[in-house]
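Below is final04.cif, which holds mmCIF, C-alpha atoms and all ligand atoms.
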```cif
data_input
loop_
_atom_site.label_atom_id
_atom_site.label_comp_id
_atom_site.auth_asym_id
_atom_site.auth_seq_id
_atom_site.Cartn_x
_atom_site.Cartn_y
_atom_site.Cartn_z
CA MET G 20 18.24 10.71 17.35
CA ALA G 21 16.15 10.20 14.23
CA THR G 22 13.14 12.34 13.37
CA ILE G 23 9.95 10.28 13.34
CA LEU G 24 8.17 9.96 10.00
CA ASP G 25 4.70 10.45 11.47
CA GLY G 26 2.14 8.72 9.26
CA LYS G 27 -0.79 9.46 11.57
CA LYS G 28 -0.18 13.19 11.50
CA LEU G 29 0.16 13.26 7.72
CA ARG G 30 -2.93 11.04 7.34
CA ASP G 31 -5.00 13.46 9.42
CA LYS G 32 -3.79 16.42 7.38
CA ILE G 33 -4.42 14.80 3.98
CA LEU G 34 -7.80 13.35 4.91
CA ALA G 35 -9.02 16.68 6.35
CA GLU G 36 -8.22 18.34 3.01
CA LEU G 37 -9.77 15.46 1.09
CA LYS G 38 -13.01 15.73 3.09
CA LEU G 39 -13.38 19.40 2.15
CA LYS G 40 -12.99 18.40 -1.49
CA ILE G 41 -15.54 15.57 -1.25
CA ASP G 42 -18.02 17.87 0.55
CA LYS G 43 -18.10 20.00 -2.60
CA PHE G 44 -18.99 17.09 -4.94
CA SER G 45 -22.71 17.01 -5.80
CA THR G 46 -22.57 13.20 -6.23
CA LYS G 47 -20.23 11.15 -4.08
CA PRO G 48 -17.54 8.59 -4.98
CA GLU G 49 -18.45 4.96 -4.23
CA LEU G 50 -15.89 2.39 -3.10
CA VAL G 51 -16.86 -1.28 -3.25
CA VAL G 52 -14.73 -3.81 -1.40
CA ILE G 53 -15.12 -7.52 -2.07
CA LEU G 54 -14.17 -9.81 0.79
CA VAL G 55 -13.96 -13.58 0.35
CA GLY G 56 -13.79 -15.90 3.35
CA GLU G 57 -13.25 -15.44 7.05
CA ASN G 58 -9.63 -14.22 7.30
CA PRO G 59 -9.75 -12.14 10.55
CA ALA G 60 -6.99 -9.72 9.48
CA SER G 61 -8.75 -9.09 6.15
CA LYS G 62 -12.01 -8.38 7.99
CA ILE G 63 -10.31 -5.78 10.17
CA TYR G 64 -8.63 -4.12 7.14
CA VAL G 65 -11.89 -4.03 5.18
CA ASN G 66 -13.88 -2.57 8.08
CA ASN G 67 -11.20 0.09 8.66
CA LYS G 68 -11.37 1.05 4.99
CA LYS G 69 -15.17 1.33 5.18
CA LYS G 70 -15.07 3.42 8.37
CA THR G 71 -12.45 5.81 6.98
CA ALA G 72 -14.32 6.17 3.68
CA GLU G 73 -17.63 6.91 5.39
CA LYS G 74 -16.09 9.59 7.62
CA LEU G 75 -14.97 11.36 4.45
CA GLY G 76 -18.36 11.12 2.73
CA ILE G 77 -17.32 8.34 0.33
CA ILE G 78 -20.10 5.78 -0.15
CA SER G 79 -18.63 2.48 0.95
CA LYS G 80 -19.98 -1.03 0.42
CA ILE G 81 -18.58 -4.38 1.45
CA ILE G 82 -19.67 -7.43 -0.55
CA GLU G 83 -18.92 -10.59 1.41
CA TYR G 84 -18.65 -14.09 -0.06
CA PRO G 85 -18.09 -17.39 1.73
CA GLU G 86 -14.72 -19.14 1.31
CA ASN G 87 -16.24 -21.59 -1.21
CA VAL G 88 -17.62 -19.00 -3.65
CA THR G 89 -16.84 -20.00 -7.23
CA GLU G 90 -14.45 -17.97 -9.35
CA LYS G 91 -17.21 -17.61 -11.96
CA GLU G 92 -19.58 -16.02 -9.44
CA LEU G 93 -16.88 -13.63 -8.27
CA LEU G 94 -15.89 -12.60 -11.81
CA GLU G 95 -19.56 -12.04 -12.73
CA LYS G 96 -19.96 -9.72 -9.74
CA ILE G 97 -16.85 -7.77 -10.75
CA GLU G 98 -18.25 -7.42 -14.31
CA GLU G 99 -21.51 -6.15 -12.84
CA LEU G 100 -19.62 -3.56 -10.76
CA ASN G 101 -17.53 -2.57 -13.81
CA ASN G 102 -20.77 -1.76 -15.62
CA ASP G 103 -22.44 0.02 -12.69
CA LYS G 104 -22.13 3.76 -13.31
CA ASN G 105 -22.51 4.51 -9.60
CA VAL G 106 -19.42 2.50 -8.66
CA THR G 107 -16.19 4.50 -8.69
CA ALA G 108 -13.68 2.05 -7.30
CA ILE G 109 -13.41 -1.73 -6.87
CA LEU G 110 -11.08 -3.39 -4.39
CA VAL G 111 -10.79 -7.16 -4.02
CA GLN G 112 -9.24 -7.84 -0.63
CA LEU G 113 -6.25 -10.19 -0.82
CA PRO G 114 -5.37 -12.95 -0.13
CA LEU G 115 -8.00 -14.96 -2.02
CA PRO G 116 -8.71 -18.66 -1.44
CA GLU G 117 -6.48 -20.96 -3.52
CA HIS G 118 -9.23 -22.11 -5.91
CA ILE G 119 -9.66 -18.53 -7.16
CA SER G 120 -7.08 -17.21 -9.61
CA LYS G 121 -5.82 -13.81 -8.49
CA GLU G 122 -4.70 -13.19 -12.09
CA ASN G 123 -8.22 -13.80 -13.45
CA VAL G 124 -9.67 -11.49 -10.81
CA MET G 125 -7.17 -8.71 -11.59
CA ASN G 126 -7.75 -9.19 -15.33
CA THR G 127 -11.47 -8.64 -14.81
CA ILE G 128 -11.41 -5.39 -12.81
CA ALA G 129 -11.79 -2.42 -15.18
CA PRO G 130 -8.51 -0.43 -15.06
CA SER G 131 -10.57 2.76 -14.67
CA LYS G 132 -11.98 1.37 -11.36
CA ASP G 133 -8.77 -0.33 -10.20
CA VAL G 134 -8.28 1.57 -6.94
CA ASP G 135 -5.27 -0.57 -5.90
CA GLY G 136 -3.45 -0.12 -9.21
CA PHE G 137 -2.95 -3.92 -9.38
CA THR G 138 -4.55 -4.78 -12.74
CA PRO G 139 -2.14 -5.88 -15.51
CA TYR G 140 -2.97 -2.69 -17.41
CA ASN G 141 -1.95 -0.41 -14.55
CA PHE G 142 1.01 -2.57 -13.53
CA GLY G 143 2.17 -2.66 -17.14
CA LYS G 144 1.96 1.12 -17.39
CA LEU G 145 3.97 1.51 -14.20
CA PHE G 146 6.66 -0.95 -15.32
CA SER G 147 7.00 0.64 -18.73
CA GLY G 148 7.62 4.06 -17.21
CA GLU G 149 4.17 5.42 -18.09
CA ILE G 150 1.59 6.91 -15.75
CA PRO G 151 -0.97 4.35 -14.47
CA THR G 152 -4.58 5.29 -13.67
CA VAL G 153 -3.55 5.29 -10.00
CA TYR G 154 -0.44 4.16 -8.11
CA PRO G 155 -0.57 1.18 -5.68
CA CYS G 156 -1.54 2.36 -2.20
CA THR G 157 1.37 1.35 0.05
CA PRO G 158 4.15 2.57 -2.30
CA LYS G 159 2.19 5.77 -2.91
CA GLY G 160 1.83 6.31 0.85
CA ILE G 161 5.57 5.80 1.36
CA LEU G 162 6.41 8.44 -1.25
CA LEU G 163 3.89 10.88 0.26
CA LEU G 164 5.52 10.38 3.66
CA LEU G 165 9.06 10.94 2.34
CA ASN G 166 7.89 13.97 0.41
CA GLU G 167 6.25 15.49 3.50
CA TYR G 168 9.63 15.48 5.25
CA ASN G 169 11.41 16.87 2.14
CA ILE G 170 13.49 13.71 1.75
CA GLN G 171 14.91 13.85 -1.76
CA LEU G 172 15.57 10.56 -3.53
CA GLU G 173 17.42 11.78 -6.60
CA GLY G 174 20.86 10.18 -6.84
CA LYS G 175 20.37 8.32 -3.54
CA HIS G 176 20.92 4.60 -3.10
CA VAL G 177 17.57 3.18 -2.00
CA VAL G 178 17.54 -0.42 -0.78
CA ILE G 179 14.12 -2.08 -0.78
CA VAL G 180 13.86 -5.34 1.14
CA GLY G 181 10.95 -7.46 -0.14
CA ARG G 182 9.73 -7.91 -3.73
CA SER G 183 6.00 -8.53 -3.37
CA ASN G 184 3.53 -7.21 -5.92
CA ILE G 185 1.87 -5.02 -3.32
CA VAL G 186 4.99 -3.28 -2.01
CA GLY G 187 8.52 -3.99 -3.26
CA ARG G 188 7.98 -4.40 -7.00
CA PRO G 189 5.77 -1.36 -7.70
CA LEU G 190 7.77 0.72 -5.20
CA SER G 191 11.01 -0.07 -7.06
CA GLN G 192 9.56 1.49 -10.22
CA MET G 193 8.20 4.54 -8.42
CA ILE G 194 11.54 5.14 -6.70
CA LEU G 195 13.32 4.72 -10.05
CA ASN G 196 11.05 7.44 -11.41
CA GLU G 197 12.45 9.67 -8.65
CA ASN G 198 15.92 9.14 -10.18
CA ALA G 199 17.25 7.11 -7.28
CA THR G 200 19.50 4.07 -7.68
CA VAL G 201 17.42 1.12 -6.53
CA THR G 202 18.48 -2.26 -5.15
CA VAL G 203 15.72 -4.79 -4.44
CA CYS G 204 16.56 -7.54 -1.94
CA HIS G 205 14.64 -10.70 -1.07
CA SER G 206 15.00 -14.02 0.72
CA HIS G 207 17.74 -15.23 -1.69
CA THR G 208 19.86 -12.08 -1.38
CA LYS G 209 23.38 -12.81 -0.19
CA ASN G 210 25.10 -10.38 2.20
CA LEU G 211 21.96 -8.41 2.99
CA ALA G 212 23.76 -6.59 5.81
CA ASP G 213 26.55 -5.41 3.45
CA ILE G 214 24.01 -4.07 0.96
CA ILE G 215 21.99 -2.29 3.64
CA LYS G 216 25.20 -0.66 4.93
CA THR G 217 25.49 1.16 1.57
CA ALA G 218 21.90 2.47 1.61
CA ASP G 219 20.97 6.12 1.98
CA VAL G 220 17.36 4.99 2.31
CA VAL G 221 16.20 1.56 3.52
CA ILE G 222 12.60 0.51 2.90
CA SER G 223 11.79 -2.85 4.42
CA ALA G 224 8.65 -4.89 3.68
CA VAL G 225 9.29 -8.41 4.93
CA GLY G 226 7.24 -9.09 8.06
CA LYS G 227 10.15 -10.27 10.24
CA ASN G 228 12.50 -8.37 12.54
CA ILE G 229 15.56 -8.50 10.26
CA ILE G 230 17.21 -5.07 10.46
CA LYS G 231 19.34 -3.95 13.41
CA GLY G 232 21.04 -0.62 14.03
CA GLU G 233 24.54 -2.03 13.46
CA MET G 234 23.59 -2.85 9.82
CA LEU G 235 22.83 0.79 8.97
CA LYS G 236 24.85 3.64 7.53
CA ASN G 237 24.94 6.79 9.68
CA ASP G 238 22.11 9.24 8.96
CA CYS G 239 20.23 6.89 6.62
CA VAL G 240 16.45 7.15 6.25
CA ILE G 241 14.40 4.15 7.32
CA VAL G 242 10.90 3.31 6.19
CA ASP G 243 9.54 0.26 7.98
CA VAL G 244 6.62 -1.31 6.14
CA GLY G 245 6.66 -4.67 7.94
CA ILE G 246 4.10 -5.41 10.59
CA PHE G 247 3.71 -8.51 12.71
CA LYS G 248 3.00 -9.57 16.30
CA ASP G 249 5.97 -10.76 18.34
CA GLU G 250 5.86 -13.66 20.84
CA ASN G 251 4.38 -11.29 23.47
CA GLY G 252 1.63 -10.13 21.14
CA LYS G 253 3.27 -6.72 20.62
CA THR G 254 3.04 -5.11 17.17
CA ARG G 255 6.50 -4.86 15.59
CA GLY G 256 8.14 -3.81 12.35
CA ASP G 257 11.09 -5.23 10.41
CA VAL G 258 13.50 -2.78 12.01
CA ASP G 259 14.74 -2.89 15.59
CA PHE G 260 13.63 0.63 16.48
CA GLU G 261 15.72 0.98 19.66
CA SER G 262 19.06 0.29 17.94
CA ALA G 263 18.17 1.95 14.61
CA ALA G 264 16.72 5.28 15.77
CA PRO G 265 20.02 6.66 17.21
CA ILE G 266 21.81 5.97 13.89
CA ALA G 267 19.19 7.03 11.34
CA SER G 268 18.25 10.60 10.40
CA TYR G 269 14.56 9.68 9.88
CA ILE G 270 12.61 6.56 10.82
CA SER G 271 8.99 5.50 10.43
CA PRO G 272 7.51 3.82 13.51
CA VAL G 273 5.38 0.67 13.60
CA PRO G 274 2.55 1.22 14.20
CA GLY G 275 1.90 4.82 13.10
CA GLY G 276 4.17 5.12 10.06
CA VAL G 277 3.33 3.47 6.74
CA GLY G 278 0.06 1.82 7.85
CA PRO G 279 -1.98 5.05 8.09
CA MET G 280 -0.49 6.19 4.77
CA THR G 281 -1.74 3.08 2.95
CA ILE G 282 -5.36 3.77 3.87
CA THR G 283 -4.86 7.46 3.09
CA SER G 284 -3.68 6.53 -0.41
CA LEU G 285 -6.73 4.34 -0.89
CA MET G 286 -8.98 7.30 -0.16
CA LEU G 287 -6.93 9.57 -2.45
CA ASN G 288 -7.09 6.96 -5.22
CA THR G 289 -10.88 6.63 -4.86
CA VAL G 290 -11.28 10.37 -5.29
CA GLU G 291 -8.79 10.42 -8.20
CA LEU G 292 -10.79 7.73 -10.01
CA PHE G 293 -13.99 9.66 -9.31
CA GLU G 294 -12.58 12.87 -10.76
CA LYS G 295 -11.29 11.01 -13.83
CA SER G 296 -14.75 9.49 -14.37
CA LEU G 297 -16.52 12.85 -14.41
P1 LIG C 1 5.21 -10.99 1.22
O1 LIG C 1 4.40 -11.07 -0.04
O2 LIG C 1 5.23 -12.14 2.16
O3 LIG C 1 6.70 -10.62 0.82
C1 LIG C 1 7.73 -10.62 1.75
C2 LIG C 1 9.03 -10.35 1.03
O4 LIG C 1 10.08 -10.44 1.98
C3 LIG C 1 9.36 -11.37 -0.07
O5 LIG C 1 9.83 -10.71 -1.22
C4 LIG C 1 10.46 -12.24 0.55
O6 LIG C 1 11.39 -12.75 -0.38
C5 LIG C 1 11.14 -11.24 1.46
N1 LIG C 1 11.86 -11.89 2.54
C6 LIG C 1 11.42 -12.86 3.39
N2 LIG C 1 12.38 -13.19 4.26
C7 LIG C 1 13.46 -12.43 3.97
C8 LIG C 1 14.75 -12.30 4.50
N3 LIG C 1 15.14 -13.05 5.55
N4 LIG C 1 15.60 -11.41 3.96
C9 LIG C 1 15.22 -10.63 2.92
N5 LIG C 1 13.99 -10.70 2.36
C10 LIG C 1 13.13 -11.59 2.88
O7 LIG C 1 4.78 -9.77 2.10
P2 LIG C 1 4.08 -8.35 1.76
O8 LIG C 1 2.65 -8.58 1.48
O9 LIG C 1 4.91 -7.56 0.82
O10 LIG C 1 4.20 -7.69 3.20
C11 LIG C 1 5.45 -7.53 3.84
C12 LIG C 1 5.24 -6.96 5.21
O11 LIG C 1 4.72 -5.65 5.07
C13 LIG C 1 4.24 -7.71 6.07
O12 LIG C 1 4.63 -7.61 7.41
C14 LIG C 1 2.95 -6.97 5.85
O13 LIG C 1 2.04 -7.09 6.94
C15 LIG C 1 3.46 -5.55 5.74
N6 LIG C 1 2.61 -4.64 4.98
C16 LIG C 1 2.27 -3.50 5.59
C17 LIG C 1 1.52 -2.58 4.90
C18 LIG C 1 1.18 -1.31 5.56
O14 LIG C 1 0.34 -0.59 5.07
N7 LIG C 1 1.83 -0.97 6.66
C19 LIG C 1 1.09 -2.83 3.59
C20 LIG C 1 1.49 -4.02 2.98
C21 LIG C 1 2.26 -4.93 3.69
P3 LIG C 1 10.98 -13.81 -1.54
O15 LIG C 1 10.31 -12.99 -2.60
O16 LIG C 1 12.28 -14.36 -1.99
O17 LIG C 1 10.06 -14.81 -0.91
#
```
Same coordinates, now as structure tokens:
Amino acid sequence: MATILDGKKLRDKILAELKLKIDKFSTKPELVVILVGENPASKIYVNNKKKTAEKLGIISKIIEYPENVTEKELLEKIEELNNDKNVTAILVQLPLPEHISKENVMNTIAPSKDVDGFTPYNFGKLFSGEIPTVYPCTPKGILLLLNEYNIQLEGKHVVIVGRSNIVGRPLSQMILNENATVTVCHSHTKNLADIIKTADVVISAVGKNIIKGEMLKNDCVIVDVGIFKDENGKTRGDVDFESAAPIASYISPVPGGVGPMTITSLMLNTVELFEKSL
């Protein structure tokens, strides 16, 4: 039976250490989150970020805009925050309404305050094999989790399912930096099951239950990023835990695996930006 990759336990350990560090700062880091519209999931994420930050002693502010805010108004606010010496980190919660260009928003956030690592500057650095100001939160959390369990990636075949800008794409570069052989799959991939069968490590970020135990190689490592509610309202991941856990050597649960690590990385990134700004 697979060992559980316990994101909650690692979160508690990392955040306890981080709090001690923040306690010693004479001024405190400040994280500003911009939320546009009424998306209920986004509201929950943003409030969780604020609560976690405040527990650690990070000053946390949420700036809320109605759905119909203009792009100009939003960009002006970001410029104002870029120039505000008290602000350490800026996060614009995605998704944004369609009339606002995500590209223009990302282009406006100062790379030195880009806590998600999503600006073209930081993405460009990552994709050219250089070190960005900070690494994107979910991929960073996944690597912290694998590292905690001493799972080496060098020479391994890592199959990532999903190629979004928040998970699959940046993760592929970070895993490449670990000297693994990386295959990135997506909705047009043919023979997904055959590819997964060759994986030493499977990292799935799709949002649908697509991976069953019979598709896996014995003793593979599984990181399940996906999260969605099934028809009974139960929170599920991409991987069928019951059939996968007896075959894998390690598996991250949903909930309690990658989710807590994403928020942990956000807090780590805020403090990293703060230290760089000093
Ligand atoms: P996304 O932007 O919708 O991307 C989903 C990816 O899955 C796309 O690349 C898509 O391919 C691919 N895909 C869809 N159906 C597929 C199939 N049948 N076979 C193979 N690939 C398929 O989603 P996201 O924002 O990356 O999020 C993915 C999941 O991770 C969601 O459940 C989300 O809630 C979760 N998530 C969790 C955390 C966390 O902290 N735990 C963080 C981020 C995301 P195409 O590119 O071809 O469309």
When you count all atoms listed in the file, which of these residues is closest to Asp238 of chain G: G:Ala35, G:Ala21, G:Leu172, G:Ala72?
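Closest to Asp238 of chain G, using all atoms listed in the file: G:Ala21.
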Contact residues around segment 187-197 of chain G with all atoms listed in the file at 9 Å, ignoring same-chain residues under 4 positions, as an MDAnalysis selection string
chainID G and resid 142 145:148 154:155 157:159 161:162 171:174 177 179:183 201:204 222:224
Given the selection you just returned, output its residues as a file containing C-alpha atoms, formatted as an mmCIF file, keeping the file's coordinate frame.
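part24.cif, freshly written:
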```cif
data_model
loop_
_atom_site.group_PDB
_atom_site.id
_atom_site.type_symbol
_atom_site.label_atom_id
_atom_site.label_comp_id
_atom_site.auth_asym_id
_atom_site.auth_seq_id
_atom_site.Cartn_x
_atom_site.Cartn_y
_atom_site.Cartn_z
ATOM 1 C CA PHE G 142 1.010 -2.570 -13.530
ATOM 2 C CA LEU G 145 3.970 1.510 -14.200
ATOM 3 C CA PHE G 146 6.660 -0.950 -15.320
ATOM 4 C CA SER G 147 7.000 0.640 -18.730
ATOM 5 C CA GLY G 148 7.620 4.060 -17.210
ATOM 6 C CA TYR G 154 -0.440 4.160 -8.110
ATOM 7 C CA PRO G 155 -0.570 1.180 -5.680
ATOM 8 C CA THR G 157 1.370 1.350 0.050
ATOM 9 C CA PRO G 158 4.150 2.570 -2.300
ATOM 10 C CA LYS G 159 2.190 5.770 -2.910
ATOM 11 C CA ILE G 161 5.570 5.800 1.360
ATOM 12 C CA LEU G 162 6.410 8.440 -1.250
ATOM 13 C CA GLN G 171 14.910 13.850 -1.760
ATOM 14 C CA LEU G 172 15.570 10.560 -3.530
ATOM 15 C CA GLU G 173 17.420 11.780 -6.600
ATOM 16 C CA GLY G 174 20.860 10.180 -6.840
ATOM 17 C CA VAL G 177 17.570 3.180 -2.000
ATOM 18 C CA ILE G 179 14.120 -2.080 -0.780
ATOM 19 C CA VAL G 180 13.860 -5.340 1.140
ATOM 20 C CA GLY G 181 10.950 -7.460 -0.140
ATOM 21 C CA ARG G 182 9.730 -7.910 -3.730
ATOM 22 C CA SER G 183 6.000 -8.530 -3.370
ATOM 23 C CA VAL G 201 17.420 1.120 -6.530
ATOM 24 C CA THR G 202 18.480 -2.260 -5.150
ATOM 25 C CA VAL G 203 15.720 -4.790 -4.440
ATOM 26 C CA CYS G 204 16.560 -7.540 -1.940
ATOM 27 C CA ILE G 222 12.600 0.510 2.900
ATOM 28 C CA SER G 223 11.790 -2.850 4.420
ATOM 29 C CA ALA G 224 8.650 -4.890 3.680
#
```
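For Thr89 of chain G, the list of residues within 12 Å, based on only C-alpha atoms and with local chain neighbours fewer than 2 positions off taken out, reads G:Val55, G:Gly56, G:Tyr84, G:Pro85, G:Glu86, G:Asn87, G:Lys91, G:Glu92, G:Leu93, G:Leu94, G:Glu95, G:Lys96, G:Leu115, G:Pro116, G:Glu117, G:His118, G:Ile119, G:Ser120, G:Val124.
Nearest to ligand LIG 1 (chain C) of all the residues G:Val242, G:Val178, G:Val225, G:Leu165 is G:Val225, counting only C-alpha atoms and all ligand atoms.
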Which residues of chain G come within 9 Å of ligand LIG 1 (chain C), and for each one, what is the closest pair of atoms and their distance in Å to one decimal, counting all atoms listed in the file, sorted by chain and residue number, as JSON lines?
```
{"residue": "G:Cys156", "atom": "CA", "partner": "C:LIG1", "partner_atom": "O14", "distance": 8.1}
{"residue": "G:Thr157", "atom": "CA", "partner": "C:LIG1", "partner_atom": "O14", "distance": 5.5}
{"residue": "G:Pro158", "atom": "CA", "partner": "C:LIG1", "partner_atom": "C19", "distance": 8.6}
{"residue": "G:Gly160", "atom": "CA", "partner": "C:LIG1", "partner_atom": "O14", "distance": 8.2}
{"residue": "G:Val180", "atom": "CA", "partner": "C:LIG1", "partner_atom": "N5", "distance": 5.5}
{"residue": "G:Gly181", "atom": "CA", "partner": "C:LIG1", "partner_atom": "O5", "distance": 3.6}
{"residue": "G:Arg182", "atom": "CA", "partner": "C:LIG1", "partner_atom": "O5", "distance": 3.8}
{"residue": "G:Ser183", "atom": "CA", "partner": "C:LIG1", "partner_atom": "O9", "distance": 4.4}
{"residue": "G:Asn184", "atom": "CA", "partner": "C:LIG1", "partner_atom": "O9", "distance": 6.9}
{"residue": "G:Ile185", "atom": "CA", "partner": "C:LIG1", "partner_atom": "O9", "distance": 5.7}
{"residue": "G:Val186", "atom": "CA", "partner": "C:LIG1", "partner_atom": "O9", "distance": 5.1}
{"residue": "G:Gly187", "atom": "CA", "partner": "C:LIG1", "partner_atom": "O9", "distance": 6.5}
{"residue": "G:Arg188", "atom": "CA", "partner": "C:LIG1", "partner_atom": "O5", "distance": 8.8}
{"residue": "G:Val203", "atom": "CA", "partner": "C:LIG1", "partner_atom": "O5", "distance": 9.0}
{"residue": "G:Cys204", "atom": "CA", "partner": "C:LIG1", "partner_atom": "C9", "distance": 5.9}
{"residue": "G:His205", "atom": "CA", "partner": "C:LIG1", "partner_atom": "N5", "distance": 3.5}
{"residue": "G:Ser206", "atom": "CA", "partner": "C:LIG1", "partner_atom": "C10", "distance": 3.8}
{"residue": "G:His207", "atom": "CA", "partner": "C:LIG1", "partner_atom": "O16", "distance": 5.5}
{"residue": "G:Thr208", "atom": "CA", "partner": "C:LIG1", "partner_atom": "C9", "distance": 6.5}
{"residue": "G:Lys209", "atom": "CA", "partner": "C:LIG1", "partner_atom": "N4", "distance": 8.9}
{"residue": "G:Leu211", "atom": "CA", "partner": "C:LIG1", "partner_atom": "C9", "distance": 7.1}
{"residue": "G:Ser223", "atom": "CA", "partner": "C:LIG1", "partner_atom": "O11", "distance": 7.6}
{"residue": "G:Ala224", "atom": "CA", "partner": "C:LIG1", "partner_atom": "C11", "distance": 4.2}
{"residue": "G:Val225", "atom": "CA", "partner": "C:LIG1", "partner_atom": "O4", "distance": 3.7}
{"residue": "G:Gly226", "atom": "CA", "partner": "C:LIG1", "partner_atom": "O12", "distance": 3.1}
{"residue": "G:Lys227", "atom": "CA", "partner": "C:LIG1", "partner_atom": "O12", "distance": 6.7}
{"residue": "G:Asn228", "atom": "CA", "partner": "C:LIG1", "partner_atom": "N3", "distance": 8.8}
{"residue": "G:Ile229", "atom": "CA", "partner": "C:LIG1", "partner_atom": "N3", "distance": 6.6}
{"residue": "G:Asp243", "atom": "CA", "partner": "C:LIG1", "partner_atom": "N7", "distance": 7.9}
{"residue": "G:Val244", "atom": "CA", "partner": "C:LIG1", "partner_atom": "N7", "distance": 4.8}
{"residue": "G:Gly245", "atom": "CA", "partner": "C:LIG1", "partner_atom": "O11", "distance": 3.6}
{"residue": "G:Ile246", "atom": "CA", "partner": "C:LIG1", "partner_atom": "O12", "distance": 3.9}
{"residue": "G:Phe247", "atom": "CA", "partner": "C:LIG1", "partner_atom": "O12", "distance": 5.5}
{"residue": "G:Arg255", "atom": "CA", "partner": "C:LIG1", "partner_atom": "O12", "distance": 8.8}
{"residue": "G:Gly256", "atom": "CA", "partner": "C:LIG1", "partner_atom": "O12", "distance": 7.2}
{"residue": "G:Asp257", "atom": "CA", "partner": "C:LIG1", "partner_atom": "O12", "distance": 7.5}
{"residue": "G:Val273", "atom": "CA", "partner": "C:LIG1", "partner_atom": "N7", "distance": 8.0}
{"residue": "G:Pro274", "atom": "CA", "partner": "C:LIG1", "partner_atom": "N7", "distance": 7.9}
{"residue": "G:Gly275", "atom": "CA", "partner": "C:LIG1", "partner_atom": "N7", "distance": 8.7}
{"residue": "G:Gly276", "atom": "CA", "partner": "C:LIG1", "partner_atom": "N7", "distance": 7.4}
{"residue": "G:Val277", "atom": "CA", "partner": "C:LIG1", "partner_atom": "N7", "distance": 4.7}
{"residue": "G:Gly278", "atom": "CA", "partner": "C:LIG1", "partner_atom": "N7", "distance": 3.5}
{"residue": "G:Pro279", "atom": "CA", "partner": "C:LIG1", "partner_atom": "O14", "distance": 6.8}
{"residue": "G:Met280", "atom": "CA", "partner": "C:LIG1", "partner_atom": "O14", "distance": 6.8}
{"residue": "G:Thr281", "atom": "CA", "partner": "C:LIG1", "partner_atom": "O14", "distance": 4.7}
{"residue": "G:Ile282", "atom": "CA", "partner": "C:LIG1", "partner_atom": "O14", "distance": 7.3}
```
Using all atoms listed in the file, pick whichever of G:Ser262, G:Ile78, G:Ser284, G:Glu291 has the shortest atom-to-atom distance to Ile33 of chain G.
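So, comparing all the options, the nearest one is G:Ser284.
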For atom CA of Leu287 of chain G and atom CA of Val258 of chain G, the interatomic separation in Å (one decimal)
27.9 Å
Leu113 of chain G surroundings by only C-alpha atoms, 9 Å radius, close-in-sequence under 4 positions cut, as a ChimeraX atom specification:
/G:54-55,61,121
Can you pull out every residue within 12 Å of Glu99 of chain G, counting only C-alpha atoms, but drop anything in the same chain fewer than 5 positions away, and send it as a list in words?
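Near neighbours after the sequence-gap exclusion: Val51, Glu92, Leu93, Leu94, Lys104, Asn105, Val106, Ile109, Thr127, Ile128 and Ala129 of chain G.
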By how many Å are atom CA of Leu34 of chain G and atom CA of Leu75 of chain G apart?
7.5 Å
So how many Å separate atom CA of Ser296 of chain G and atom CA of Asn123 of chain G, to one decimal?
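Computed distance, atom CA of Ser296 of chain G to atom CA of Asn123 of chain G, equals 24.2 Å.
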Would you mind completing segment 171-177 of chain G so that it carries N, CA, C and O atoms, and writing it out as a PDB file, in the coordinates of the input?
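Just written: out19.pdb:
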```pdb
ATOM      1  N   GLN G 171      14.681  13.975  -0.323  1.00  0.00           N
ATOM      2  CA  GLN G 171      14.910  13.850  -1.760  1.00  0.00           C
ATOM      3  C   GLN G 171      15.503  12.485  -2.073  1.00  0.00           C
ATOM      4  O   GLN G 171      16.361  12.003  -1.338  1.00  0.00           O
ATOM      5  N   LEU G 172      15.057  11.886  -3.173  1.00  0.00           N
ATOM      6  CA  LEU G 172      15.570  10.560  -3.530  1.00  0.00           C
ATOM      7  C   LEU G 172      16.548  10.589  -4.705  1.00  0.00           C
ATOM      8  O   LEU G 172      17.279   9.627  -4.929  1.00  0.00           O
ATOM      9  N   GLU G 173      16.568  11.685  -5.415  1.00  0.00           N
ATOM     10  CA  GLU G 173      17.420  11.780  -6.600  1.00  0.00           C
ATOM     11  C   GLU G 173      18.885  11.479  -6.273  1.00  0.00           C
ATOM     12  O   GLU G 173      19.454  12.074  -5.354  1.00  0.00           O
ATOM     13  N   GLY G 174      19.445  10.523  -7.017  1.00  0.00           N
ATOM     14  CA  GLY G 174      20.860  10.180  -6.840  1.00  0.00           C
ATOM     15  C   GLY G 174      21.160   9.346  -5.608  1.00  0.00           C
ATOM     16  O   GLY G 174      22.296   8.911  -5.402  1.00  0.00           O
ATOM     17  N   LYS G 175      20.142   9.095  -4.777  1.00  0.00           N
ATOM     18  CA  LYS G 175      20.370   8.320  -3.540  1.00  0.00           C
ATOM     19  C   LYS G 175      20.349   6.818  -3.843  1.00  0.00           C
ATOM     20  O   LYS G 175      19.714   6.387  -4.811  1.00  0.00           O
ATOM     21  N   HIS G 176      21.027   6.058  -2.991  1.00  0.00           N
ATOM     22  CA  HIS G 176      20.920   4.600  -3.100  1.00  0.00           C
ATOM     23  C   HIS G 176      19.793   4.149  -2.176  1.00  0.00           C
ATOM     24  O   HIS G 176      19.894   4.277  -0.948  1.00  0.00           O
ATOM     25  N   VAL G 177      18.727   3.643  -2.777  1.00  0.00           N
ATOM     26  CA  VAL G 177      17.570   3.180  -2.000  1.00  0.00           C
ATOM     27  C   VAL G 177      17.552   1.654  -2.027  1.00  0.00           C
ATOM     28  O   VAL G 177      17.510   1.055  -3.109  1.00  0.00           O
TER      29      VAL G 177
END
```
